[in-house]
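Visitor: Provided below: start-v9.cif, containing mmCIF, C-alpha atoms.
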data_run
loop_
_atom_site.label_atom_id
_atom_site.label_comp_id
_atom_site.auth_asym_id
_atom_site.auth_seq_id
_atom_site.Cartn_x
_atom_site.Cartn_y
_atom_site.Cartn_z
CA MET A 1 59.12 89.24 53.92
CA ILE A 2 55.80 87.37 53.62
CA LYS A 3 56.80 84.96 56.39
CA THR A 4 57.87 87.81 58.65
CA PHE A 5 54.63 89.68 58.04
CA ALA A 6 52.57 86.55 58.75
CA THR A 7 54.44 86.02 62.01
CA PHE A 8 53.81 89.63 63.00
CA ILE A 9 50.07 89.32 62.32
CA GLY A 10 49.98 86.07 64.29
CA VAL A 11 51.55 87.75 67.30
CA LEU A 12 49.06 90.62 67.08
CA CYS A 13 46.12 88.23 66.95
CA ALA A 14 47.40 86.19 69.90
CA THR A 15 47.95 89.33 71.94
CA ALA A 16 44.47 90.59 71.15
CA GLN A 17 42.96 87.27 72.16
CA LEU A 18 44.82 87.20 75.48
CA GLY A 19 43.78 90.73 76.30
CA SER A 20 40.14 90.41 75.26
CA HIS A 21 37.26 90.28 77.69
CA PRO A 22 33.61 91.37 77.76
CA PRO A 23 33.50 95.13 77.17
CA TYR A 24 32.57 97.85 79.61
CA ILE A 25 29.91 99.97 77.93
CA LYS A 26 29.24 103.50 79.12
CA LYS A 27 25.72 104.93 78.81
CA ASP A 28 24.40 108.38 79.66
CA ASP A 29 20.92 107.04 80.33
CA HIS A 30 21.24 104.88 83.43
CA ASP A 31 19.97 104.13 86.94
CA PRO A 32 20.86 106.96 89.38
CA ASP A 33 22.24 104.34 91.79
CA GLY A 34 24.57 102.95 89.13
CA ILE A 35 27.81 104.31 87.68
CA GLY A 36 26.61 104.38 84.07
CA VAL A 37 28.87 101.50 83.04
CA PHE A 38 27.35 98.22 81.85
CA TYR A 39 29.01 94.78 81.89
CA MET A 40 27.54 91.65 80.34
CA GLY A 41 24.07 93.17 80.30
CA ARG A 42 23.87 94.74 83.78
CA GLU A 43 24.76 98.12 85.20
CA ILE A 44 27.53 98.30 87.81
CA ALA A 45 26.28 99.78 91.10
CA GLN A 46 27.81 102.60 93.08
CA VAL A 47 30.12 101.59 95.93
CA MET A 48 28.90 101.96 99.50
CA GLY A 49 31.42 104.20 101.26
CA HIS A 50 32.95 103.75 104.70
CA GLU A 51 30.59 106.44 106.01
CA ALA A 52 27.84 103.78 105.96
CA ALA A 53 29.81 101.23 108.01
CA ASP A 54 27.30 101.45 110.87
CA TRP A 55 24.64 100.04 108.56
CA LEU A 56 26.72 96.88 108.15
CA ASP A 57 26.79 96.40 111.93
CA ARG A 58 23.13 97.24 112.53
CA PRO A 59 21.42 95.12 115.22
CA GLU A 60 18.62 94.17 112.79
CA ARG A 61 20.99 92.48 110.38
CA GLU A 62 20.63 89.04 111.96
CA THR A 63 16.84 89.21 111.68
CA GLU A 64 16.86 90.66 108.16
CA GLU A 65 19.63 88.58 106.57
CA ALA A 66 20.46 85.67 108.95
CA PRO A 67 24.28 85.90 108.62
CA SER A 68 24.73 83.23 111.30
CA MET A 69 22.80 80.84 109.02
CA LEU A 70 25.05 81.87 106.14
CA VAL A 71 28.21 81.08 108.11
CA LYS A 72 26.78 77.71 109.17
CA SER A 73 26.04 76.84 105.53
CA LEU A 74 29.72 77.35 104.62
CA GLU A 75 30.77 74.32 106.71
CA LEU A 76 33.95 76.01 107.93
CA LYS A 77 36.63 73.92 109.62
CA PRO A 78 39.65 74.71 111.82
CA GLY A 79 42.74 75.57 109.79
CA MET A 80 40.96 76.93 106.73
CA THR A 81 42.16 80.12 105.05
CA ILE A 82 39.27 82.43 104.18
CA ALA A 83 39.14 85.63 102.16
CA ASP A 84 36.25 87.99 102.88
CA ILE A 85 36.32 90.18 99.75
CA GLY A 86 34.89 93.63 100.32
CA ALA A 87 34.80 92.89 104.03
CA GLY A 88 33.76 96.39 105.00
CA SER A 89 33.60 96.68 108.78
CA GLY A 90 34.53 93.01 109.17
CA TYR A 91 31.07 91.98 110.37
CA LEU A 92 31.22 88.58 108.65
CA SER A 93 35.02 88.21 108.94
CA PHE A 94 34.84 87.98 112.72
CA MET A 95 31.94 85.53 112.55
CA MET A 96 33.98 83.25 110.25
CA ALA A 97 37.16 83.62 112.29
CA LYS A 98 35.84 81.58 115.21
CA PRO A 99 35.10 78.27 113.42
CA VAL A 100 38.49 78.29 111.59
CA ALA A 101 40.49 79.08 114.75
CA PRO A 102 43.04 78.57 116.13
CA SER A 103 45.21 77.77 113.10
CA GLY A 104 42.94 79.18 110.39
CA LYS A 105 42.72 82.80 109.35
CA VAL A 106 40.46 85.27 107.60
CA TYR A 107 41.72 87.97 105.27
CA ALA A 108 39.35 90.93 105.69
CA GLU A 109 39.99 92.45 102.26
CA ASP A 110 38.74 95.89 101.27
CA ILE A 111 39.80 98.78 99.03
CA GLN A 112 38.93 101.44 101.61
CA PRO A 113 41.63 101.99 104.27
CA GLU A 114 38.98 103.50 106.54
CA MET A 115 37.11 100.18 106.60
CA LEU A 116 40.32 98.35 107.50
CA ASP A 117 40.88 100.79 110.38
CA ILE A 118 37.48 99.73 111.73
CA VAL A 119 38.54 96.06 111.45
CA ARG A 120 41.75 96.79 113.38
CA ASP A 121 39.82 98.59 116.11
CA LYS A 122 37.46 95.64 116.45
CA SER A 123 40.38 93.18 116.63
CA ARG A 124 41.87 95.17 119.51
CA GLU A 125 38.53 95.34 121.29
CA ASN A 126 37.63 91.66 121.03
CA GLY A 127 41.15 90.21 121.13
CA SER A 128 40.83 88.47 117.77
CA LYS A 129 44.15 87.18 116.45
CA ASN A 130 43.19 85.55 113.16
CA VAL A 131 41.42 88.34 111.24
CA ILE A 132 43.92 90.06 108.96
CA PRO A 133 43.03 93.49 107.54
CA TRP A 134 44.06 93.38 103.87
CA LEU A 135 44.17 96.25 101.40
CA GLY A 136 43.25 95.33 97.84
CA SER A 137 42.58 97.38 94.73
CA THR A 138 39.68 97.66 92.31
CA THR A 139 41.36 95.13 90.01
CA ASP A 140 43.20 92.80 92.40
CA PRO A 141 42.66 91.62 96.00
CA ARG A 142 46.46 91.13 96.12
CA LEU A 143 46.18 87.81 97.93
CA PRO A 144 48.87 85.11 97.82
CA SER A 145 48.59 82.80 94.81
CA GLN A 146 46.64 79.55 95.36
CA SER A 147 46.35 80.19 99.09
CA ILE A 148 42.61 80.49 99.73
CA ASP A 149 40.24 77.64 100.64
CA LEU A 150 37.12 79.78 100.59
CA MET A 151 36.55 83.22 99.12
CA ILE A 152 33.26 84.94 99.89
CA LEU A 153 31.69 88.15 98.59
CA VAL A 154 28.66 89.41 100.50
CA ASP A 155 26.61 92.03 98.65
CA VAL A 156 29.73 93.42 96.98
CA TYR A 157 30.40 91.85 93.56
CA HIS A 158 27.76 94.00 91.85
CA GLU A 159 29.78 97.11 92.88
CA PHE A 160 33.08 96.07 91.24
CA ASP A 161 33.92 98.63 88.58
CA LYS A 162 36.39 96.20 86.98
CA PRO A 163 34.69 92.83 87.53
CA TYR A 164 36.63 90.95 84.84
CA GLU A 165 40.04 91.95 86.16
CA MET A 166 39.03 91.45 89.78
CA VAL A 167 37.61 87.96 89.30
CA SER A 168 40.63 86.94 87.21
CA ASN A 169 42.91 87.77 90.12
CA MET A 170 40.55 86.31 92.71
CA VAL A 171 40.62 82.98 90.88
CA LYS A 172 44.42 83.01 90.94
CA ALA A 173 44.33 83.28 94.72
CA LEU A 174 42.05 80.25 95.10
CA LYS A 175 43.46 76.80 95.71
CA LYS A 176 42.45 74.18 93.18
CA GLY A 177 39.03 73.04 94.33
CA GLY A 178 38.71 76.15 96.49
CA ARG A 179 35.25 77.66 96.77
CA LEU A 180 34.13 81.04 95.48
CA VAL A 181 30.85 82.10 97.10
CA PHE A 182 28.63 85.00 96.06
CA VAL A 183 25.96 86.26 98.42
CA GLU A 184 23.69 88.65 96.54
CA TYR A 185 20.25 90.13 97.10
CA ARG A 186 17.73 88.27 94.96
CA LYS A 187 16.90 90.25 91.85
CA GLU A 188 14.21 87.70 91.04
CA ASP A 189 12.24 88.79 94.14
CA PRO A 190 10.61 92.24 93.92
CA GLU A 191 9.79 92.01 97.63
CA VAL A 192 13.46 92.27 98.65
CA PRO A 193 13.69 95.94 99.77
CA ILE A 194 17.00 96.78 98.06
CA LYS A 195 17.69 99.13 95.13
CA LEU A 196 17.57 97.29 91.81
CA VAL A 197 21.22 97.76 90.76
CA HIS A 198 22.28 96.31 94.13
CA LYS A 199 20.53 93.01 93.35
CA MET A 200 21.72 90.12 91.16
CA SER A 201 19.98 87.08 89.71
CA VAL A 202 21.50 83.61 89.82
CA ALA A 203 21.44 83.53 86.01
CA GLN A 204 23.47 86.74 85.78
CA VAL A 205 26.10 85.57 88.26
CA ARG A 206 26.46 82.25 86.45
CA LYS A 207 26.71 84.05 83.10
CA GLU A 208 29.54 86.26 84.35
CA MET A 209 31.46 83.40 85.97
CA ALA A 210 31.15 81.10 82.92
CA ILE A 211 34.15 82.79 81.26
CA PHE A 212 36.49 81.78 84.11
CA PRO A 213 37.94 78.38 85.13
CA LEU A 214 35.15 77.90 87.64
CA GLU A 215 32.55 75.18 88.05
CA TYR A 216 29.09 76.05 89.30
CA LYS A 217 28.15 73.84 92.24
CA GLN A 218 24.90 75.00 93.76
CA THR A 219 22.66 77.82 94.88
CA ILE A 220 21.62 77.64 98.52
CA GLU A 221 18.29 79.32 99.18
CA ILE A 222 18.04 79.48 102.97
CA LEU A 223 18.44 83.21 103.59
CA PRO A 224 15.54 85.67 103.86
CA ARG A 225 16.77 88.01 101.13
CA GLN A 226 19.91 86.66 99.46
CA HIS A 227 21.16 83.88 97.21
CA ILE A 228 24.23 81.88 98.24
CA ILE A 229 25.84 80.95 94.89
CA VAL A 230 28.75 78.52 95.06
CA PHE A 231 31.52 77.84 92.51
CA THR A 232 34.77 75.91 92.76
CA ARG A 233 38.06 76.50 90.96
CA LYS A 234 38.69 73.85 88.31
#
Could I get this structure in the form of structure tokens?
Guide:
Amino acid sequence: MIKTFATFIGVLCATAQLGSHPPYIKKDDHDPDGIGVFYMGREIAQVMGHEAADWLDRPERETEEAPSMLVKSLELKPGMTIADIGAGSGYLSFMMAKPVAPSGKVYAEDIQPEMLDIVRDKSRENGSKNVIPWLGSTTDPRLPSQSIDLMILVDVYHEFDKPYEMVSNMVKALKKGGRLVFVEYRKEDPEVPIKLVHKMSVAQVRKEMAIFPLEYKQTIEILPRQHIIVFTRK
């Protein structure tokens, strides 16, 4: 009886350990642009809906954020498989599709079917063959296991309402040595004209990624408003 009870307790403890992760803490007093849920010391921001897709494609974006410089910094090569997580209207997906062509591809992943419809329309208009609209969920991008060379998240990670579950599944989709890149508005810079909960510091991103099998590589500071924070899968 004692042995059986000890075994039972051991199983319970192991199960609890496997299922444990930093808690999601709900607070009534919170930023109006957040969802009132806090994770590892920061409030999760509200998601930008598909109704604001035009803002992603605004003509001023190149001047304000230098996305062409971002793509150049990624050192993309033909044949690579890219995942643009939270791709939105596919603005960056199509920019990345050209340097990985003809054999490479870009998964334009989003949780909003309306955004993916915009991506499909753009593919038809510009004749792109290697941008793949991809429907994920709030906990899983649903990408093939160990298939991705580079996974990039542009101004989107701070909006994940289940960041632990999402990153866990993102990591599974990365090849060993594959890169995970966060592009986030600099919280350290009060001059960046973005709402506070839609900014992230390098320290906060590194803190949240430290619990995963990821190795921090570098932060590239070449963009006018954003950090480029690079990790690789161990």
Visitor: Can I get the residues of region 102-177 of chain A within 7 Å of region 28-49 of chain A, each with the closest pair of atoms and their distance in Å to one decimal, using all atoms listed in the file, sorted chain first then ascending number, as CSV?
Guide:
residue,atom,partner,partner_atom,distance
A:His158,CA,A:Ile44,CA,5.9
A:Glu159,CA,A:Ala45,CA,4.7
A:Phe160,CA,A:Ile44,CA,6.9
A:Asp161,CA,A:Ile44,CA,6.4
Visitor: Counting all atoms listed in the file, which residue out of A:Tyr157, A:Phe94, A:Thr139, A:Glu64 sits closest to Gly127 (chain A)?
Guide: A:Phe94
Visitor: Identify, on the basis of only C-alpha atoms, every residue whose closest approach to region 226-233 of chain A does not exceed 10 Å; exclude the query and any residue fewer than 2 positions from it along the same chain; express the result as a ChimeraX atom specification.
Guide: /A:65-66,70,73-74,149-155,171-187,189,192,199-202,205-206,209,212-224
Visitor: With the file shown as input, list the residues that the PyMOL selection byres ((chain A and resi 118) around 10) selects, as a list in words.
Guide: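 Output from the PyMOL selection byres ((chain A and resi 118) around 10), applied to this file: His50, Ala53, Gly88, Ser89, Gly90, Pro113, Glu114, Met115, Leu116, Asp117, Val119, Arg120, Asp121, Lys122, Ser123 and Pro133 of chain A.
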Visitor: The PyMOL selection byres ((chain A and resi 106) around 8) - which residues does that actually catch in the file I just gave you? List them as a list in words.
Guide: Thr81, Ile82, Ala83, Asp84, Ser93, Met96, Ala97, Gly104, Lys105, Tyr107, Ala108, Asn130, Val131 and Ile132 of chain A
Visitor: What is the CA of Tyr164 (chain A)-CA of Pro22 (chain A) distance in Å, reported with one decimal?
Guide: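 Distance reported for this atom pair: 7.7 Å.
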